[in-house]
>>> print(open('start_23.cif').read())   # mmCIF, C-alpha atoms
data_work
loop_
_atom_site.label_atom_id
_atom_site.label_comp_id
_atom_site.auth_asym_id
_atom_site.auth_seq_id
_atom_site.Cartn_x
_atom_site.Cartn_y
_atom_site.Cartn_z
CA MET A 344 -126.35 65.05 247.15
CA THR A 345 -124.54 62.77 249.59
CA ASP A 346 -126.75 60.15 251.23
CA ASP A 347 -126.77 59.39 254.95
CA HIS A 348 -124.63 56.30 254.55
CA GLU A 349 -121.72 58.24 253.06
CA THR A 350 -121.71 61.03 255.65
CA ASP A 351 -118.86 61.14 258.16
CA PRO A 352 -120.17 59.30 261.27
CA SER A 353 -118.57 61.83 263.64
CA GLN A 354 -120.66 64.60 262.02
CA GLN A 355 -123.91 62.64 262.56
CA LEU A 356 -123.25 61.88 266.23
CA GLN A 357 -124.69 65.07 267.74
CA PRO A 358 -128.28 63.78 268.29
CA THR A 359 -126.98 60.76 270.18
CA LEU A 360 -124.25 62.36 272.31
CA ALA A 361 -126.81 63.69 274.76
CA GLY A 362 -128.02 60.13 275.27
CA ALA A 363 -124.44 58.98 275.69
CA ARG A 364 -123.81 61.52 278.43
CA PHE A 365 -127.10 60.66 280.15
CA LEU A 366 -126.35 56.94 280.25
CA ALA A 367 -122.80 57.61 281.42
CA MET A 368 -124.23 59.69 284.27
CA GLU A 369 -126.69 56.90 285.11
CA ALA A 370 -123.85 54.40 285.28
CA SER A 371 -121.78 56.65 287.57
CA MET A 372 -124.80 57.02 289.92
CA GLY A 373 -125.33 53.27 290.06
CA THR A 374 -128.62 53.39 288.13
CA ALA A 375 -129.40 50.32 286.08
CA ILE A 376 -128.84 50.75 282.37
CA SER A 377 -131.67 49.67 280.10
CA PRO A 378 -131.44 45.89 279.52
CA ARG A 379 -132.91 46.07 276.01
CA ARG A 380 -129.73 44.91 274.32
CA ARG A 381 -129.22 42.08 276.78
CA THR A 382 -132.66 40.58 276.13
CA ARG A 383 -132.53 40.90 272.33
CA ARG A 384 -131.61 37.76 270.41
CA PRO A 385 -128.39 37.80 268.31
CA ASP A 386 -130.27 36.74 265.17
CA GLU A 387 -132.70 39.61 265.66
CA ASP A 388 -129.80 42.06 265.95
CA ALA A 389 -128.27 40.63 262.76
CA GLY A 390 -131.58 41.26 261.01
CA ARG A 391 -131.60 44.88 262.16
CA PHE A 392 -128.04 45.38 260.93
CA ARG A 393 -128.97 43.88 257.55
CA ASP A 394 -131.91 46.27 257.35
CA TYR A 395 -129.65 49.21 258.15
CA ARG A 396 -127.11 48.25 255.47
CA ARG A 397 -129.92 48.03 252.91
CA HIS A 398 -131.85 51.18 253.79
CA SER A 399 -129.43 53.40 255.81
CA ASP A 400 -132.33 54.40 258.06
CA ARG A 401 -130.99 56.98 260.50
CA ARG A 402 -133.64 56.17 263.10
CA LEU A 403 -132.63 52.51 263.05
CA ARG A 404 -128.98 53.53 263.35
CA ASP A 405 -129.75 55.71 266.36
CA GLN A 406 -131.71 52.87 267.99
CA LEU A 407 -128.79 50.48 267.47
CA PHE A 408 -126.50 53.12 268.95
CA VAL A 409 -128.64 53.45 272.09
CA ASP A 410 -129.01 49.67 272.46
CA TYR A 411 -125.26 49.08 272.29
CA LEU A 412 -124.23 52.15 274.26
CA PRO A 413 -123.56 50.09 277.42
CA LEU A 414 -120.87 48.26 275.41
CA ALA A 415 -119.19 51.58 274.60
CA GLU A 416 -119.48 52.67 278.24
CA SER A 417 -117.81 49.43 279.32
CA CYS A 418 -114.88 50.10 276.97
CA ALA A 419 -114.58 53.71 278.14
CA ARG A 420 -114.50 52.57 281.78
CA ARG A 421 -111.17 50.80 281.14
CA TYR A 422 -109.49 54.16 280.49
CA ARG A 423 -110.75 56.08 283.51
CA ARG A 424 -108.33 57.71 285.96
CA ARG A 425 -105.86 58.54 283.19
CA GLY A 426 -106.35 62.28 283.29
CA GLU A 427 -109.26 62.55 280.84
CA PRO A 428 -112.82 63.51 281.93
CA ASP A 429 -115.30 60.61 281.91
CA ASP A 430 -117.65 62.59 279.70
CA ASP A 431 -114.92 63.01 277.04
CA LEU A 432 -114.11 59.31 277.16
CA MET A 433 -117.79 58.45 276.75
CA GLN A 434 -118.09 60.68 273.71
CA VAL A 435 -114.97 59.18 272.10
CA ALA A 436 -116.30 55.67 272.78
CA GLY A 437 -119.63 56.76 271.27
CA ILE A 438 -117.87 57.86 268.09
CA GLY A 439 -116.14 54.47 267.94
CA LEU A 440 -119.49 52.71 268.42
CA LEU A 441 -121.07 54.74 265.64
CA LYS A 442 -118.19 53.93 263.28
CA ALA A 443 -118.61 50.24 264.14
CA ILE A 444 -122.34 50.42 263.33
CA GLU A 445 -121.61 52.10 260.00
CA ARG A 446 -118.95 49.55 258.99
CA TYR A 447 -120.30 46.28 260.41
CA ASP A 448 -121.33 43.64 257.86
CA PRO A 449 -123.42 40.81 259.42
CA ALA A 450 -122.83 38.70 256.30
CA ARG A 451 -119.30 37.97 257.53
CA GLY A 452 -120.71 35.80 260.31
CA THR A 453 -119.19 37.57 263.35
CA CYS A 454 -121.37 39.00 266.09
CA PHE A 455 -121.48 42.77 266.36
CA SER A 456 -119.87 43.02 269.80
CA SER A 457 -116.79 41.10 268.57
CA TYR A 458 -116.40 43.67 265.82
CA ALA A 459 -117.36 46.73 267.85
CA VAL A 460 -115.05 46.33 270.86
CA PRO A 461 -111.75 46.60 268.88
CA THR A 462 -113.18 49.55 266.95
CA ILE A 463 -114.19 51.40 270.13
CA VAL A 464 -110.94 50.60 271.94
CA GLY A 465 -108.96 51.74 268.89
CA GLU A 466 -110.82 55.06 268.90
CA LEU A 467 -110.06 55.54 272.61
CA GLN A 468 -106.38 54.71 272.10
CA ARG A 469 -106.14 57.15 269.20
CA HIS A 470 -107.68 59.81 271.41
CA PHE A 471 -105.05 59.29 274.10
CA ARG A 472 -102.30 59.10 271.49
CA ASP A 473 -103.27 62.25 269.61
CA HIS A 474 -104.99 64.56 272.10
CA SER A 475 -103.82 63.89 275.65
CA TRP A 476 -100.16 64.91 275.38
CA THR A 477 -98.98 68.35 276.45
CA VAL A 478 -95.69 67.66 274.61
CA ARG A 479 -95.95 64.93 271.99
CA PRO A 480 -93.07 62.43 271.80
CA PRO A 481 -92.64 60.17 268.72
CA ARG A 482 -95.64 57.92 268.03
CA GLY A 483 -93.70 54.74 268.76
CA LEU A 484 -92.81 56.06 272.19
CA GLN A 485 -96.43 57.06 272.82
CA GLU A 486 -97.54 53.50 272.06
CA ASP A 487 -94.83 52.14 274.38
CA VAL A 488 -96.16 54.36 277.18
CA LEU A 489 -99.73 53.11 276.70
CA ARG A 490 -98.59 49.47 276.57
CA MET A 491 -96.51 49.84 279.72
CA GLU A 492 -99.38 51.53 281.53
CA ARG A 493 -101.59 48.52 280.80
CA GLU A 494 -98.93 46.09 282.01
CA ARG A 495 -98.26 48.22 285.07
CA ALA A 496 -101.95 48.13 286.05
CA ALA A 497 -101.99 44.33 285.68
CA LEU A 498 -98.82 43.96 287.80
CA VAL A 499 -100.19 46.24 290.52
CA THR A 500 -103.22 43.96 290.76
CA ALA A 501 -101.11 40.82 290.77
CA LEU A 502 -98.34 42.00 293.12
CA GLY A 503 -100.31 44.34 295.38
CA ARG A 504 -97.64 47.01 294.93
CA GLU A 505 -95.95 49.13 292.29
CA PRO A 506 -93.74 46.98 290.02
CA THR A 507 -90.05 47.75 289.70
CA ALA A 508 -88.58 48.82 286.37
CA THR A 509 -87.03 45.35 285.99
CA GLU A 510 -90.37 43.59 286.62
CA LEU A 511 -92.17 45.87 284.17
CA ALA A 512 -89.47 45.38 281.53
CA HIS A 513 -89.77 41.60 281.90
CA ALA A 514 -93.58 41.74 281.58
CA VAL A 515 -93.51 43.98 278.51
CA GLY A 516 -90.54 42.23 276.89
CA CYS A 517 -88.19 45.19 276.61
CA SER A 518 -85.10 46.60 278.31
CA VAL A 519 -85.04 48.53 281.57
CA GLU A 520 -83.72 51.55 279.64
CA GLU A 521 -86.85 51.52 277.46
CA VAL A 522 -89.05 51.41 280.55
CA LEU A 523 -87.22 54.40 282.04
CA GLU A 524 -87.50 56.28 278.73
CA ALA A 525 -91.25 55.59 278.60
CA ARG A 526 -91.68 56.81 282.19
CA GLU A 527 -89.88 60.01 281.32
CA ALA A 528 -92.03 60.48 278.22
CA ALA A 529 -95.19 59.86 280.26
CA ARG A 530 -94.51 63.04 282.21
CA ALA A 531 -95.25 64.98 279.00
CA ARG A 532 -98.88 63.83 279.06
CA GLY A 533 -99.84 66.52 281.52
CA GLY A 534 -98.64 70.04 282.22
CA THR A 535 -98.48 72.25 285.29
CA SER A 536 -100.10 75.66 285.25
CA LEU A 537 -97.72 78.61 285.55
CA ASP A 538 -100.14 79.99 288.15
CA ALA A 539 -99.81 76.90 290.37
CA PRO A 540 -98.53 77.72 293.90
CA LEU A 541 -94.83 77.16 294.49
CA GLY A 542 -94.20 75.31 297.73
CA ASP A 543 -95.05 77.13 300.94
CA GLU A 544 -93.99 80.56 299.72
CA GLU A 545 -96.95 82.89 299.94
CA GLY A 546 -97.92 84.32 296.54
CA ALA A 547 -95.11 82.51 294.68
CA THR A 548 -96.07 80.55 291.55
CA VAL A 549 -94.35 78.20 289.13
CA GLY A 550 -94.16 81.06 286.63
CA ASP A 551 -91.80 82.90 288.96
CA LEU A 552 -89.13 80.31 288.16
CA PHE A 553 -89.03 81.43 284.51
CA GLY A 554 -86.99 84.39 283.41
CA GLY A 555 -88.25 87.28 281.33
CA GLU A 556 -86.88 89.15 278.36
CA ASP A 557 -83.47 90.69 278.98
CA ASP A 558 -82.89 94.00 277.18
CA GLY A 559 -79.19 93.71 277.92
CA PHE A 560 -78.56 91.53 274.86
CA GLU A 561 -79.95 94.23 272.58
CA ARG A 562 -77.80 96.83 274.31
CA ILE A 563 -74.72 94.65 273.79
CA ASN A 564 -75.42 94.43 270.07
CA THR A 565 -75.92 98.19 269.87
CA ALA A 566 -72.67 98.84 271.78
CA LEU A 567 -70.68 96.52 269.50
CA LEU A 568 -72.14 98.19 266.42
CA ALA A 569 -71.42 101.68 267.77
CA ASP A 570 -67.85 100.69 268.66
CA ALA A 571 -67.25 99.41 265.14
CA LEU A 572 -68.58 102.64 263.62
CA ILE A 573 -66.58 104.86 265.98
CA ALA A 574 -63.42 103.01 264.95
CA THR A 575 -63.85 104.47 261.44
CA LEU A 576 -63.38 108.05 262.73
CA PRO A 577 -60.05 109.90 262.98
CA ASP A 578 -58.26 109.42 266.30
CA ARG A 579 -59.16 112.85 267.76
CA ASP A 580 -62.84 112.44 266.80
CA GLN A 581 -62.86 108.99 268.41
CA VAL A 582 -61.58 110.49 271.67
CA ILE A 583 -64.21 113.25 271.63
CA VAL A 584 -67.10 110.85 270.96
CA ARG A 585 -65.98 108.40 273.62
CA LEU A 586 -65.45 111.14 276.24
CA ARG A 587 -68.90 112.56 275.47
CA PHE A 588 -71.01 109.41 275.26
CA GLN A 589 -69.09 106.79 277.23
CA GLN A 590 -67.68 108.91 280.06
CA GLU A 591 -70.51 111.49 279.78
CA LEU A 592 -68.20 114.52 280.08
CA THR A 593 -69.45 117.98 279.12
CA GLN A 594 -68.10 119.76 276.06
CA HIS A 595 -66.24 122.17 278.36
CA GLU A 596 -64.54 119.28 280.20
CA ILE A 597 -63.64 117.61 276.90
CA GLY A 598 -62.07 120.88 275.66
CA ARG A 599 -59.83 121.05 278.71
CA ARG A 600 -58.82 117.40 278.18
CA ILE A 601 -57.77 117.79 274.55
CA GLY A 602 -56.67 121.44 274.71
CA CYS A 603 -59.29 123.30 272.65
CA SER A 604 -62.32 125.48 273.19
CA GLN A 605 -65.87 124.31 273.87
CA MET A 606 -66.95 125.75 270.47
CA GLN A 607 -64.33 123.65 268.69
CA VAL A 608 -65.45 120.56 270.59
CA SER A 609 -69.07 121.23 269.58
CA ARG A 610 -68.11 121.58 265.91
CA LEU A 611 -65.91 118.47 265.90
CA LEU A 612 -68.57 116.45 267.72
CA ARG A 613 -71.29 117.51 265.28
CA ALA A 614 -69.08 116.56 262.29
CA ALA A 615 -68.25 113.20 263.87
CA LEU A 616 -71.92 112.36 264.47
CA THR A 617 -72.79 113.33 260.91
CA ARG A 618 -70.11 110.99 259.64
CA LEU A 619 -71.30 108.17 261.91
CA ARG A 620 -74.85 108.52 260.56
CA ALA A 621 -73.53 108.36 257.00
CA GLU A 622 -71.52 105.22 257.81
CA ALA A 623 -74.60 103.63 259.39
CA ARG A 624 -76.72 104.37 256.31
CA ALA A 625 -74.05 102.94 254.05
CA ALA A 626 -74.13 99.74 256.12
CA GLY A 627 -77.92 99.57 255.89
CA LEU A 628 -78.34 100.41 259.60
CA ALA A 629 -80.14 103.71 259.34
CA ALA A 630 -82.74 102.63 261.89
#
>>> encode(input="start_23.cif", output="structure tokens")
Amino acid sequence: MTDDHETDPSQQLQPTLAGARFLAMEASMGTAISPRRRTRRPDEDAGRFRDYRRHSDRRLRDQLFVDYLPLAESCARRYRRRGEPDDDLMQVAGIGLLKAIERYDPARGTCFSSYAVPTIVGELQRHFRDHSWTVRPPRGLQEDVLRMERERAALVTALGREPTATELAHAVGCSVEEVLEAREAARARGGTSLDAPLGDEEGATVGDLFGGEDDGFERINTALLADALIATLPDRDQVIVRLRFQQELTQHEIGRRIGCSQMQVSRLLRAALTRLRAEARAAGLAA
């Protein structure tokens, strides 16, 4: 039997996600978050983490999770307004916090928050990298997009306006072409519904811009195949078949064209079709 300490943290998170959502809602409403973690001494927290590493007590783990949840919420807040719901960001940050609790070793001498923040931020970045793209470009380009978005936000704050491609390239340390490529790739992060309205046209949607299946291509293939098979017939039979099926003449009209009776035309046509079917079967085209 696998003990609690070896279980995948993401599978144990369900009891605490409800608390994560509740605290996230409190924060969005301006309600004060419990100050329990702020008033707890660092050495006391280290003692609790040592106890958890020794005993793997799930109740202690859940209490540590709740106490440090404001830290996860603070990390999640950095990634708001990027197209992902706040509740999803809070849950991803909660998973990162839980992983940090499971992996943190107080014997290394670092405080928990210094270890937890990179773990939580890494989980959020992986979420954006792996789950927020409608069309996924190469991973290196995804990381370039995220890095440029961070630099762009900093430049907007510093300049009070949108930075130019040259300014952004200088801040990131890359070429203008790479900035333009990243901007183009960033458009793949979100998609437009085919049911979205199209301009001011009443009832028109984006889907109307896309074509449908064209049966004409199949008809072209059939016509080319039929033409190749007809070419195997004797000359008079070719004329009869083409007059009947291409020009849609009656057997009587065909007889007057080639100088024979309607009965002869019927017999020749039937023999020609029988031969065409045999040629088609021989070519594996019976269907």
>>> closest_residue(input="start_23.cif", among="A:Val435, A:Ala508, A:Ala528, A:Leu502", to="Leu489 of chain A", atoms="only C-alpha atoms")
A:Ala528
>>> residues_near_point(input="start_23.cif", point="(-97.0, 41.9, 290.5)", cutoff="12 Å", atoms="only C-alpha atoms", output="PyMOL selection string")
chain A and resi 494-511+513-514
>>> atom_distance(input="start_23.cif", atom1="atom CA of Glu524 of chain A", atom2="atom CA of Asp473 of chain A")
19.2 Å
>>> resolve_selection(input="start_23.cif", expression="the PyMOL selection byres ((chain A and resi 421) around 12)", output="VMD selection string")
chain A and resid 414 to 420 422 to 425 427 429 432 to 433 436 460 463 to 464 467 to 468 492 to 493 496
>>> atom_distance(input="start_23.cif", atom1="atom CA of Leu403 of chain A", atom2="atom CA of Tyr447 of chain A")
14.1 Å
>>> closest_residue(input="start_23.cif", among="A:Arg610, A:His474, A:Arg526, A:Arg562", to="Arg490 of chain A", atoms="only C-alpha atoms")
A:Arg526
>>> closest_residue(input="start_23.cif", among="A:Ala614, A:Ala525, A:Ile601, A:Leu568", to="Ala626 of chain A", atoms="only C-alpha atoms")
A:Leu568
>>> closest_residue(input="start_23.cif", among="A:Ile438, A:Val582, A:Leu537, A:Leu567", to="Gly465 of chain A", atoms="only C-alpha atoms")
A:Ile438
>>> atom_distance(input="start_23.cif", atom1="atom CA of Arg402 of chain A", atom2="atom CA of Leu440 of chain A")
15.5 Å
>>> resolve_selection(input="start_23.cif", expression="the PyMOL selection byres ((chain A and resi 618) around 12)", output="CSV table (one decimal) with C-alpha atoms, in the frame of the given file")
chain,number,residue,atom,x,y,z
A,572,LEU,CA,-68.6,102.6,263.6
A,573,ILE,CA,-66.6,104.9,266.0
A,574,ALA,CA,-63.4,103.0,265.0
A,575,THR,CA,-63.8,104.5,261.4
A,576,LEU,CA,-63.4,108.0,262.7
A,577,PRO,CA,-60.0,109.9,263.0
A,580,ASP,CA,-62.8,112.4,266.8
A,581,GLN,CA,-62.9,109.0,268.4
A,584,VAL,CA,-67.1,110.8,271.0
A,611,LEU,CA,-65.9,118.5,265.9
A,612,LEU,CA,-68.6,116.4,267.7
A,613,ARG,CA,-71.3,117.5,265.3
A,614,ALA,CA,-69.1,116.6,262.3
A,615,ALA,CA,-68.2,113.2,263.9
A,616,LEU,CA,-71.9,112.4,264.5
A,617,THR,CA,-72.8,113.3,260.9
A,619,LEU,CA,-71.3,108.2,261.9
A,620,ARG,CA,-74.8,108.5,260.6
A,621,ALA,CA,-73.5,108.4,257.0
A,622,GLU,CA,-71.5,105.2,257.8
A,623,ALA,CA,-74.6,103.6,259.4
A,624,ARG,CA,-76.7,104.4,256.3
A,625,ALA,CA,-74.0,102.9,254.0
>>> closest_residue(input="start_23.cif", among="A:Val522, A:His470, A:Ser604, A:Ala450", to="Gln434 of chain A", atoms="only C-alpha atoms")
A:His470
>>> residues_around(input="start_23.cif", residues="Tyr458 of chain A", least_positions_apart="4", cutoff="10 Å", atoms="only C-alpha atoms", output="JSON, numbers by chain")
{"A": [440, 443, 444, 446, 447, 448, 449, 453, 454, 462, 463]}
>>> residues_near_point(input="start_23.cif", point="(-88.9, 52.7, 276.3)", cutoff="10 Å", atoms="all atoms listed in the file", output="list in words")
Gly483, Leu484, Gln485, Glu486, Asp487, Val488, Met491, Ala512, Cys517, Ser518, Val519, Glu520, Glu521, Val522, Leu523, Glu524, Ala525, Arg526, Glu527 and Ala528 of chain A
>>> write_last_selection(input="start_23.cif", atoms="C-alpha atoms", output="compact mmCIF listing (two decimals), in the frame of the given file")
# COMPACT_ATOMS: atom_id res chain seq x y z
CA GLY A 483 -93.70 54.74 268.76
CA LEU A 484 -92.81 56.06 272.19
CA GLN A 485 -96.43 57.06 272.82
CA GLU A 486 -97.54 53.50 272.06
CA ASP A 487 -94.83 52.14 274.38
CA VAL A 488 -96.16 54.36 277.18
CA MET A 491 -96.51 49.84 279.72
CA ALA A 512 -89.47 45.38 281.53
CA CYS A 517 -88.19 45.19 276.61
CA SER A 518 -85.10 46.60 278.31
CA VAL A 519 -85.04 48.53 281.57
CA GLU A 520 -83.72 51.55 279.64
CA GLU A 521 -86.85 51.52 277.46
CA VAL A 522 -89.05 51.41 280.55
CA LEU A 523 -87.22 54.40 282.04
CA GLU A 524 -87.50 56.28 278.73
CA ALA A 525 -91.25 55.59 278.60
CA ARG A 526 -91.68 56.81 282.19
CA GLU A 527 -89.88 60.01 281.32
CA ALA A 528 -92.03 60.48 278.22
>>> resolve_selection(input="start_23.cif", expression="the PyMOL selection byres ((chain A and resi 404) around 12)", output="ChimeraX atom specification")
/A:347-348,352,355-356,358-359,388,391-403,405-412,440-447
